[in-house]
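Right, one structure below, let's go through it.
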Protein chains: 2
Amino acid sequence: MTAARTPTPADRPRLGLRERKKIKTREAIREATYALIKEHGYDATTIEQIAERAEVSPSTVFRYFPTKEDIVLTDEYDPVLLEELRARPTDEPWPDTVRHVMREAIRTGVEEDAEVARLRTHLMVQVPAVRSRMMESMSVTGRMLCAAIAERTGRDPDSLEVRVYAMSLIGGLMETSLYWAENGHRDDFAALVDRTLEVLQHGLPQEEI
Amino acid sequence: MTAARTPTPADRPRLGLRERKKIKTREAIREATYALIKEHGYDATTIEQIAERAEVSPSTVFRYFPTKEDIVLTDEYDPVLLEELRARPTDEPWPDTVRHVMREAIRTGVEEDAEVARLRTHLMVQVPAVRSRMMESMSVTGRMLCAAIAERTGRDPDSLEVRVYAMSLIGGLMETSLYWAENGHRDDFAALVDRTLEVLQHGLPQEEI
DNA sequence: CCATGAAATGAGAGTAGCTGTCAAAACGTA
DNA sequence: TACGTTTTGACAGCTACTCTCATTTCATGG
């Protein structure tokens, strides 16, 4: 890869020109999409417009993203999550692990690009298709969670108990995101997550009934 | 249809001819859809085919159902659920209420037409679009659950805690349905629901960690 | 520096879900 | 039977998405 004459200046090429171009194209499409949605809204933004602004053909847009919703949503949190999960000490109480992992995931996910995270959750509230797609991706995350829980606790990842536990966790956190967005992103998201985990662990704060 | 006089024979018309026809049309569309899906699968079944077999125009199909997925899924469980929920004594412990209501909902929903329930859950597993739509409708159910919980416990239905609680419940039950379908509907669904509620109440059966 | 093979792109046609409009048909009622 | 309303069908149109094929762009070996 490196040599011939100087096709790869050794500075930091590592990836060939082709790879770099692909990454740039992918980002161009995403940025174009975000910009257009901010200007005209989700539904009013067509693939054709996105393609035009990103300076690619509509065909190419579909080569990079399977659906329109995916342009907005796709971003690989799962590997980060999994890595974070494995990094925790094995003897740590499970609820603490969840808390740590979620906080970390939120930090890297939300604070890294707050604007995008807000637009994304905003669209989740506004656009059913996006919300659906989000839920789909969460069920994938759920499967991964099952594996992690199973690995950690020595259970069967396909058992009803593990799956229900994972999915209720995911569902709860999903609702937390929606709550956050619906209330104009005013709350501290980390604090909301804490309250969520509290409910999931101990049920509704028992006052009556 | 029958005559100039006797337009409403007093037998059991109650609903005018128009209403009755609408119900019949709705059922015809649904039956046509189920039949075609069983024969050729979900994706290979087009609205045009459905319309043809149901002996209506494609326009009419869309007048009765907003989307293709809705033809398969729509069925109003929510009112039944809500009614069931309100019928329980106020001093009953909340988990017991949930158990009763879910059991009842399942009885009327699943056992009433087992075949349809199976096809439906089967499609949930197989067809992403159907699964998504199902999740959408569950989040609507979630909102209703919030209201019911709030009414019952005197909380704010829009509070984070109530919403998270409701959504985790829904998410867990959703996963239970998927589990049921994936395992070929072999388990007793009511028993699965019991195990699900157990997990949601007390977490994973605490062995280690 | 050029030739060859592989990968990415663009252009175009085509499918299907879904929306909206408008005139014709079916129904309810007096 | 006649009139007003509701329901329907036919049609045009939009857009997301798929598939195919020719063209361009990059990688590599001589």
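Naming works like this for the structure tokens: A, B, ... for the chains as they're shown, residue 1 at the start of each chain, ligands 1 onward in shown order.
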Neighbour list for C:DA26 as a VMD selection string, cut-off 12 Å, only C-alpha atoms (C1' of nucleotides), skip fewer than 5 positions in-chain: (chain B and resid 1 17 to 18 21) or (chain D and resid 5 to 8)
Residue hits in chain C, query chain B, radius 12 Å, only C-alpha atoms (C1' of nucleotides), as a list in words: DT15, DA16, DG17, DC18, DT19, DG20, DA26, DC27, DG28 and DT29 of chain C
So, counting only C-alpha atoms (C1' of nucleotides), which residue among D:DG4, D:DT15, D:DA10, D:DT24 is closest to chain B? D:DA10
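Superposing chain B onto chain A by least squares over all C-alpha atoms, paired in sequence order, gives an RMSD of 1.7 Å.
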For the atom pair atom CA of A:Leu169 and atom CA of B:Tyr77, what is the interatomic distance in Å to one decimal place?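 Atom-to-atom, atom CA of A:Leu169 to atom CA of B:Tyr77, that is 24.2 Å.
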Could you make a table, as a Markdown table, of the residues of chain B that have an atom within 10 Å of an atom of chain D, each with its nearest atom pair and distance in Å to one decimal, counting only C-alpha atoms (C1' of nucleotides), in chain and number order?
| residue | atom | partner | partner_atom | distance |
| --- | --- | --- | --- | --- |
| B:Arg18 | CA | D:DT6 | C1' | 8.7 |
| B:Lys22 | CA | D:DT7 | C1' | 9.2 |
| B:Val56 | CA | D:DG9 | C1' | 8.4 |
| B:Ser57 | CA | D:DG9 | C1' | 6.2 |
| B:Pro58 | CA | D:DG9 | C1' | 8.6 |
| B:Ser59 | CA | D:DG9 | C1' | 7.4 |
| B:Thr60 | CA | D:DT8 | C1' | 7.1 |
| B:Arg63 | CA | D:DT8 | C1' | 10.0 |
What are the residues of chain B that have an atom within 8 Å of an atom of chain A, counting only C-alpha atoms, as number ranges by chain? B: 91-94, 128, 131-133, 135-136, 153, 160-165, 167-173, 175-176, 179, 192, 195-196, 199-204, 208-209
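A straight line drawn from atom CA of A:Leu36 to atom CA of A:Ala54 is 10.6 Å long.
Distance-wise, atom CA of B:Gly184 and atom CA of A:Cys146 end up 20.4 Å apart.
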So that I can check the secondary structure, give me every residue of chain A assigned helix (DSSP H, G or I) by backbone DSSP, as a ChimeraX atom specification. /A:17-40,47-54,58-64,68-73,78-87,94-111,114-126,128-153,160-182,189-202
Would you output that residue set with C-alpha atoms, as a tab-separated table (two decimals), in the first residue's frame?
chain	number	residue	atom	x	y	z
A	17	LEU	CA	-7.82	7.30	-1.39
A	18	ARG	CA	-10.85	5.16	-2.08
A	19	GLU	CA	-11.62	4.59	1.58
A	20	ARG	CA	-11.15	8.22	2.44
A	21	LYS	CA	-13.45	9.29	-0.33
A	22	LYS	CA	-16.11	6.91	0.88
A	23	ILE	CA	-15.98	8.35	4.35
A	24	LYS	CA	-16.18	11.85	2.97
A	25	THR	CA	-19.15	10.96	0.81
A	26	ARG	CA	-20.94	9.38	3.73
A	27	GLU	CA	-20.44	12.47	5.83
A	28	ALA	CA	-21.42	14.75	3.01
A	29	ILE	CA	-24.72	12.93	2.65
A	30	ARG	CA	-25.40	13.09	6.34
A	31	GLU	CA	-24.56	16.74	6.62
A	32	ALA	CA	-26.67	17.61	3.62
A	33	THR	CA	-29.54	15.72	5.18
A	34	TYR	CA	-29.25	17.44	8.54
A	35	ALA	CA	-29.07	20.84	6.92
A	36	LEU	CA	-32.06	20.27	4.67
A	37	ILE	CA	-34.16	18.86	7.47
A	38	LYS	CA	-33.38	21.85	9.61
A	39	GLU	CA	-34.47	24.10	6.78
A	40	HIS	CA	-37.56	22.35	5.47
A	47	ILE	CA	-33.58	12.03	-1.50
A	48	GLU	CA	-33.11	13.98	-4.68
A	49	GLN	CA	-32.49	17.18	-2.77
A	50	ILE	CA	-30.10	15.43	-0.45
A	51	ALA	CA	-28.21	13.98	-3.39
A	52	GLU	CA	-28.00	17.35	-5.06
A	53	ARG	CA	-26.61	19.14	-2.03
A	54	ALA	CA	-24.19	16.33	-1.26
A	58	PRO	CA	-29.58	9.59	-5.82
A	59	SER	CA	-28.33	6.08	-6.54
A	60	THR	CA	-25.28	6.76	-4.45
A	61	VAL	CA	-27.35	7.93	-1.51
A	62	PHE	CA	-29.08	4.58	-1.43
A	63	ARG	CA	-25.77	2.80	-1.74
A	64	TYR	CA	-24.61	4.42	1.46
A	68	LYS	CA	-33.93	7.72	4.52
A	69	GLU	CA	-34.38	7.23	8.24
A	70	ASP	CA	-31.00	5.59	8.48
A	71	ILE	CA	-29.27	8.70	7.21
A	72	VAL	CA	-30.47	10.45	10.32
A	73	LEU	CA	-30.06	7.66	12.78
A	78	ASP	CA	-23.44	-0.71	20.03
A	79	PRO	CA	-19.72	-1.49	19.79
A	80	VAL	CA	-18.95	1.37	22.16
A	81	LEU	CA	-21.55	0.09	24.55
A	82	LEU	CA	-20.29	-3.44	24.41
A	83	GLU	CA	-16.70	-2.40	24.96
A	84	GLU	CA	-17.68	-0.25	27.90
A	85	LEU	CA	-19.65	-3.14	29.31
A	86	ARG	CA	-16.77	-5.56	29.09
A	87	ALA	CA	-14.43	-3.07	30.68
A	94	TRP	CA	-25.03	-5.22	37.89
A	95	PRO	CA	-27.10	-2.07	38.45
A	96	ASP	CA	-23.94	-0.07	39.02
A	97	THR	CA	-22.52	-1.43	35.80
A	98	VAL	CA	-25.58	-0.39	33.87
A	99	ARG	CA	-25.42	3.05	35.36
A	100	HIS	CA	-21.78	3.51	34.48
A	101	VAL	CA	-22.12	2.18	30.99
A	102	MET	CA	-25.14	4.28	30.18
A	103	ARG	CA	-23.50	7.40	31.51
A	104	GLU	CA	-20.45	6.76	29.44
A	105	ALA	CA	-22.47	5.99	26.34
A	106	ILE	CA	-24.40	9.18	26.83
A	107	ARG	CA	-21.28	11.22	27.34
A	108	THR	CA	-19.68	10.06	24.12
A	109	GLY	CA	-22.97	10.02	22.23
A	110	VAL	CA	-24.69	13.16	23.37
A	111	GLU	CA	-22.04	15.57	24.53
A	114	ALA	CA	-25.05	17.89	21.25
A	115	GLU	CA	-26.68	19.54	18.27
A	116	VAL	CA	-27.03	16.32	16.33
A	117	ALA	CA	-28.26	14.41	19.36
A	118	ARG	CA	-30.98	17.00	19.83
A	119	LEU	CA	-32.06	16.99	16.24
A	120	ARG	CA	-32.17	13.24	16.35
A	121	THR	CA	-34.33	13.00	19.45
A	122	HIS	CA	-36.45	15.83	18.12
A	123	LEU	CA	-37.11	13.85	14.96
A	124	MET	CA	-37.90	10.82	17.05
A	125	VAL	CA	-40.70	12.76	18.62
A	126	GLN	CA	-41.93	14.36	15.42
A	128	PRO	CA	-43.11	8.32	13.22
A	129	ALA	CA	-40.89	6.65	10.64
A	130	VAL	CA	-37.79	7.81	12.43
A	131	ARG	CA	-39.14	6.71	15.76
A	132	SER	CA	-39.93	3.30	14.36
A	133	ARG	CA	-36.52	2.94	12.85
A	134	MET	CA	-35.02	3.95	16.17
A	135	MET	CA	-37.02	1.30	17.94
A	136	GLU	CA	-35.84	-1.26	15.42
A	137	SER	CA	-32.26	-0.39	16.09
A	138	MET	CA	-32.93	-0.57	19.80
A	139	SER	CA	-34.15	-4.10	19.49
A	140	VAL	CA	-30.83	-4.92	17.87
A	141	THR	CA	-29.13	-3.27	20.80
A	142	GLY	CA	-31.37	-5.37	22.99
A	143	ARG	CA	-30.04	-8.57	21.47
A	144	MET	CA	-26.55	-7.40	22.15
A	145	LEU	CA	-27.48	-6.54	25.70
A	146	CYS	CA	-28.84	-10.04	26.11
A	147	ALA	CA	-25.51	-11.47	25.10
A	148	ALA	CA	-23.67	-9.21	27.49
A	149	ILE	CA	-25.97	-10.01	30.38
A	150	ALA	CA	-25.72	-13.69	29.65
A	151	GLU	CA	-21.95	-13.54	29.49
A	152	ARG	CA	-21.81	-11.65	32.73
A	153	THR	CA	-24.26	-13.71	34.72
A	160	LEU	CA	-37.23	-15.32	28.29
A	161	GLU	CA	-36.01	-13.75	31.49
A	162	VAL	CA	-32.87	-12.24	30.02
A	163	ARG	CA	-34.66	-11.00	26.93
A	164	VAL	CA	-37.44	-9.39	28.89
A	165	TYR	CA	-34.99	-7.79	31.25
A	166	ALA	CA	-32.92	-6.37	28.39
A	167	MET	CA	-35.91	-5.14	26.45
A	168	SER	CA	-37.52	-3.43	29.41
A	169	LEU	CA	-34.22	-1.69	30.02
A	170	ILE	CA	-34.04	-0.55	26.43
A	171	GLY	CA	-37.68	0.47	26.40
A	172	GLY	CA	-37.23	2.51	29.53
A	173	LEU	CA	-34.20	4.31	28.19
A	174	MET	CA	-35.95	4.95	24.91
A	175	GLU	CA	-38.78	6.60	26.78
A	176	THR	CA	-36.25	8.65	28.67
A	177	SER	CA	-34.89	10.00	25.39
A	178	LEU	CA	-38.35	10.88	24.23
A	179	TYR	CA	-39.10	12.58	27.54
A	180	TRP	CA	-35.91	14.55	27.26
A	181	ALA	CA	-36.74	15.69	23.74
A	182	GLU	CA	-40.37	16.46	24.44
A	189	PHE	CA	-29.92	13.74	30.57
A	190	ALA	CA	-27.62	11.90	32.95
A	191	ALA	CA	-29.90	12.70	35.85
A	192	LEU	CA	-32.89	11.41	33.89
A	193	VAL	CA	-31.05	8.17	33.27
A	194	ASP	CA	-30.43	7.81	36.97
A	195	ARG	CA	-34.10	8.24	37.74
A	196	THR	CA	-34.96	5.77	35.01
A	197	LEU	CA	-32.66	3.12	36.37
A	198	GLU	CA	-34.12	3.71	39.80
A	199	VAL	CA	-37.61	2.98	38.50
A	200	LEU	CA	-36.45	-0.09	36.61
A	201	GLN	CA	-34.76	-1.44	39.69
A	202	HIS	CA	-37.28	-0.71	42.37
